[in-house]
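Worksheet for the structure shown next.
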Amino acid sequence: MVLVEGSAESGVAVLTVPGDIGDRELGADRPARDWYPQGRTVIQVDTEAAHIGRRVPVELGLVGDVGATVRDLLARLTAEQPGSDGARDRGHLERARERFVAWREGQARLAAPGHDKGLVGRLRSALDNRQHDIRPEALAAAVDRAAAEDAIFTSDTGMATVWLSRFVEMRGSRRLLGSFNLGSMPNAMPQALGAQCLDRDRQVVAFCGDGGLSMLLGDLMTLKSHALPVKLVVFDNRRLGMVKLEQEQAGLPEFGTVLDNPDFAPGSPPPWASRVSA
Ligand SMILES: Cc1ncc(C[n+]2csc(CCOP(=O)(O)OP(=O)(O)O)c2C)c(N)n1
Ligand SMILES: [Mg+2]
């Protein structure tokens with residue numbers, strides 16, 4: 001979904017294409033009601049006529065190919081005229097920038113080493129992180145600092161998507177691959193294998209969920225057999241974290257999301273576990 005929002009002052013316009021307003025994933029029928037546009041004039045462009053106005057009332061419904069429709073729309077718009085000093089109104093842009101900078105600062109505080117020592121941090125640790133595990137924000141920020149300026153990142157579907165999008169800057173010639181609107185687990189590791197096969201000299205870093213990685217453990221063999229220098233960062237929260245969050249957001253108690261994390265090789269190997277020769 002592409003969502004273009006106009007300024008609150010002008011009341012114009014939310015333009016959505018295609019996959020329906022507020023659908024979280026392509027091809028899925030799962031509305032994200034929190035993100036429905038409110039108090040705006042909505043123009044919806046969709047190849048499916050049946051999707052027009054399905055989620056929110058629309059002022060103008062346009063059925064058609066988005067590229068052609070937007071090009072046609074653009075030709076009918078008149079550009080904003082500069083003021084008497086020749087300047088255009090940058091108010092909306094500046095306010096959006098300020099909000100973004102404030103949000104970034106808030107996020108950076110979550111990744112700061114002293115965060116757990118402050119009042120909010122101590123409270124959060126006591127409720128959320130009794131084992132004093134490494135916070136995912138801090139891990140993602142550390143990877144961001146250490147990774148190459150031209151690294152290729154891949155991110156699993158789950159909380160890894162969140163940590164990467166908030167704490168890893170796509171600066172330089174970094175590139176990002178993910179499942180995103182397709183919404184399917186467990187993509188980070190196989191995407192990283194593919195990217196690394198194409199370019200062995202470029203750093204490839206996969207942000208994996210423990211649930212995601214466990215779904216394709218067999219492909220670690222592919223990684224080893226082809227000696228691919230992929231970096232796998234595993235967010236071991238011992239659960240299907242994003243689903244837990246979704247359950248709790250819906251007011252439900254966590255159910256069925258805890259993962260087992262067995263130690264497959266405890267202690268020293270038993271005597272019978274010697275190598276089998278062909
Ligand atoms: C193939 C598939 N199965 C199930 C889901 C639903 N789902 C989305 S995120 C998620 C949890 C992912 O768990 P994990 O990889 O451990 O990441 P975390 O959110 O814990 O960081 C699940 C089950 C999905 N998107 N795709
Ligand atoms: Mg997990």
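Letters A, B, ... mark the chains of the structure tokens in the order given; residue numbers begin at 1 per chain; ligand numbers begin at 1, in order shown.
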
- Message: Which residues are near ligand 1 in this structure, taking near to mean any atom at most 7 Å from a ligand atom and counting only C-alpha atoms and all ligand atoms? Format them as a PyMOL selection string.
- Response: chain A and resi 156-160+183-186+208-213+235+237-243

- Would you return as an NGL selection string the members of range 145-277 of chain A that DSSP assigns to helix (DSSP H, G or I) on this structure's backbone? :A and (145-146 or 159-167 or 180-182 or 188-198 or 210-215 or 219-225 or 241-249)

File dump, residues just selected, N, CA and C atoms, as a compact mmCIF listing (two decimals), in the first residue's frame:
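Resulting contents of result_39.txt:
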# COMPACT_ATOMS: atom_id res chain seq x y z
N ARG A 145 26.23 0.32 14.20
CA ARG A 145 27.54 0.99 14.31
C ARG A 145 28.64 0.15 13.68
N ALA A 146 28.53 -1.18 13.82
CA ALA A 146 29.63 -2.04 13.38
C ALA A 146 29.55 -2.40 11.90
N MET A 159 9.54 -9.10 15.20
CA MET A 159 10.09 -7.92 15.87
C MET A 159 11.44 -7.50 15.26
N ALA A 160 12.13 -8.45 14.61
CA ALA A 160 13.40 -8.09 13.95
C ALA A 160 13.18 -6.96 12.94
N THR A 161 12.02 -6.97 12.28
CA THR A 161 11.69 -5.91 11.32
C THR A 161 11.68 -4.56 12.04
N VAL A 162 11.11 -4.58 13.24
CA VAL A 162 10.98 -3.34 14.01
C VAL A 162 12.35 -2.84 14.45
N TRP A 163 13.17 -3.75 15.00
CA TRP A 163 14.48 -3.31 15.50
C TRP A 163 15.33 -2.78 14.37
N LEU A 164 15.27 -3.47 13.23
CA LEU A 164 16.10 -3.01 12.11
C LEU A 164 15.60 -1.65 11.59
N SER A 165 14.30 -1.53 11.44
CA SER A 165 13.81 -0.28 10.84
C SER A 165 14.05 0.90 11.77
N ARG A 166 14.07 0.66 13.08
CA ARG A 166 14.26 1.79 14.00
C ARG A 166 15.72 2.13 14.26
N PHE A 167 16.58 1.13 14.21
CA PHE A 167 17.95 1.38 14.70
C PHE A 167 19.03 1.22 13.65
N PHE A 180 8.30 -7.81 4.31
CA PHE A 180 7.47 -6.62 4.46
C PHE A 180 6.00 -6.87 4.14
N ASN A 181 5.46 -6.21 3.10
CA ASN A 181 4.01 -6.33 2.88
C ASN A 181 3.56 -7.73 2.52
N LEU A 182 4.49 -8.59 2.14
CA LEU A 182 4.09 -9.98 1.89
C LEU A 182 3.91 -10.70 3.22
N ALA A 188 14.73 -13.91 6.42
CA ALA A 188 16.00 -13.18 6.53
C ALA A 188 17.21 -14.03 6.14
N MET A 189 17.26 -15.25 6.68
CA MET A 189 18.43 -16.09 6.40
C MET A 189 18.51 -16.49 4.93
N PRO A 190 17.43 -17.03 4.33
CA PRO A 190 17.55 -17.39 2.91
C PRO A 190 17.80 -16.19 2.00
N GLN A 191 17.23 -15.06 2.31
CA GLN A 191 17.51 -13.88 1.49
C GLN A 191 18.98 -13.50 1.60
N ALA A 192 19.52 -13.65 2.81
CA ALA A 192 20.94 -13.33 3.00
C ALA A 192 21.81 -14.30 2.21
N LEU A 193 21.43 -15.58 2.20
CA LEU A 193 22.22 -16.55 1.43
C LEU A 193 22.23 -16.15 -0.04
N GLY A 194 21.05 -15.78 -0.55
CA GLY A 194 20.95 -15.39 -1.97
C GLY A 194 21.82 -14.18 -2.26
N ALA A 195 21.73 -13.17 -1.39
CA ALA A 195 22.49 -11.93 -1.62
C ALA A 195 23.99 -12.23 -1.58
N GLN A 196 24.39 -13.07 -0.61
CA GLN A 196 25.83 -13.36 -0.46
C GLN A 196 26.36 -14.19 -1.63
N CYS A 197 25.50 -15.06 -2.18
CA CYS A 197 25.92 -15.83 -3.35
C CYS A 197 26.21 -14.90 -4.52
N LEU A 198 25.43 -13.82 -4.62
CA LEU A 198 25.64 -12.91 -5.74
C LEU A 198 26.91 -12.09 -5.58
N ASP A 210 14.26 -15.80 16.56
CA ASP A 210 14.57 -17.20 16.90
C ASP A 210 13.52 -18.13 16.31
N GLY A 211 12.26 -17.64 16.25
CA GLY A 211 11.21 -18.45 15.61
C GLY A 211 11.49 -18.59 14.13
N GLY A 212 11.85 -17.49 13.50
CA GLY A 212 12.11 -17.51 12.06
C GLY A 212 13.27 -18.43 11.71
N LEU A 213 14.37 -18.28 12.42
CA LEU A 213 15.55 -19.10 12.10
C LEU A 213 15.25 -20.58 12.31
N SER A 214 14.49 -20.90 13.36
CA SER A 214 14.24 -22.32 13.66
C SER A 214 13.41 -22.97 12.56
N MET A 215 12.68 -22.18 11.78
CA MET A 215 11.87 -22.76 10.70
C MET A 215 12.72 -23.26 9.54
N ASP A 219 18.79 -25.00 6.36
CA ASP A 219 19.55 -24.19 5.40
C ASP A 219 20.85 -23.64 5.97
N LEU A 220 21.06 -23.82 7.29
CA LEU A 220 22.38 -23.47 7.82
C LEU A 220 23.43 -24.36 7.15
N MET A 221 22.98 -25.54 6.75
CA MET A 221 23.86 -26.47 6.03
C MET A 221 24.28 -25.86 4.69
N THR A 222 23.33 -25.23 4.03
CA THR A 222 23.64 -24.57 2.75
C THR A 222 24.70 -23.49 2.97
N LEU A 223 24.48 -22.75 4.06
CA LEU A 223 25.42 -21.67 4.40
C LEU A 223 26.83 -22.23 4.59
N LYS A 224 26.91 -23.33 5.35
CA LYS A 224 28.22 -23.93 5.63
C LYS A 224 28.82 -24.55 4.37
N SER A 225 27.98 -25.31 3.63
CA SER A 225 28.51 -26.04 2.46
C SER A 225 29.09 -25.08 1.44
N GLY A 241 7.57 -13.34 19.20
CA GLY A 241 7.36 -12.09 19.91
C GLY A 241 6.29 -11.20 19.30
N MET A 242 6.28 -11.10 17.99
CA MET A 242 5.32 -10.18 17.38
C MET A 242 3.89 -10.67 17.60
N VAL A 243 3.72 -11.98 17.60
CA VAL A 243 2.37 -12.52 17.81
C VAL A 243 1.93 -12.29 19.25
N LYS A 244 2.88 -12.43 20.18
CA LYS A 244 2.58 -12.11 21.59
C LYS A 244 2.08 -10.65 21.68
N LEU A 245 2.82 -9.77 21.00
CA LEU A 245 2.45 -8.35 21.04
C LEU A 245 1.05 -8.14 20.46
N GLU A 246 0.79 -8.81 19.34
CA GLU A 246 -0.53 -8.66 18.71
C GLU A 246 -1.64 -9.18 19.62
N GLN A 247 -1.36 -10.30 20.29
CA GLN A 247 -2.36 -10.85 21.21
C GLN A 247 -2.65 -9.85 22.33
N GLU A 248 -1.56 -9.30 22.88
CA GLU A 248 -1.74 -8.38 24.01
C GLU A 248 -2.41 -7.07 23.56
N GLN A 249 -2.08 -6.65 22.35
CA GLN A 249 -2.73 -5.43 21.84
C GLN A 249 -4.23 -5.62 21.68

Among range 38-150 of chain A, which residues carry a DSSP assignment of strand (DSSP E or B), reported as a CSV table (one decimal) with C-alpha atoms, in the first residue's frame?
chain,number,residue,atom,x,y,z
A,41,THR,CA,-10.5,13.8,2.2
A,42,VAL,CA,-9.7,10.4,0.8
A,43,ILE,CA,-9.0,9.6,-2.7
A,44,GLN,CA,-8.5,5.9,-3.3
A,45,VAL,CA,-6.9,4.4,-6.4
A,46,ASP,CA,-7.3,0.7,-6.8
A,60,LEU,CA,-13.1,10.1,-5.0
A,61,GLY,CA,-12.7,6.5,-6.1
A,62,LEU,CA,-10.5,5.9,-9.1
A,63,VAL,CA,-10.3,2.4,-10.6

- Which distance in Å separates CA of Gly64 in chain A and CA of Gly39 in chain A, to one decimal?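 Going from CA of Gly64 in chain A over to CA of Gly39 in chain A, I get 25.1 Å.
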
- Query: Pick the closest to ligand 2 from A:Glu98, A:Glu254, A:Asp236, A:Glu149: which is it, counting only C-alpha atoms and all ligand atoms?
  - Reply: A:Asp236

- Task: Measuring atom to atom with only C-alpha atoms and all ligand atoms, identify which of A:Ala75, A:Ala250, A:Val233, A:Val56 is nearest to ligand 2.
- Result: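 The shortest atom-to-atom distance to ligand 2 comes from A:Val233.
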
- Item | Which residue of A:Arg33, A:Trp103, A:Pro262, A:Phe207 approaches ligand 2 most closely, using only C-alpha atoms and all ligand atoms | A:Phe207
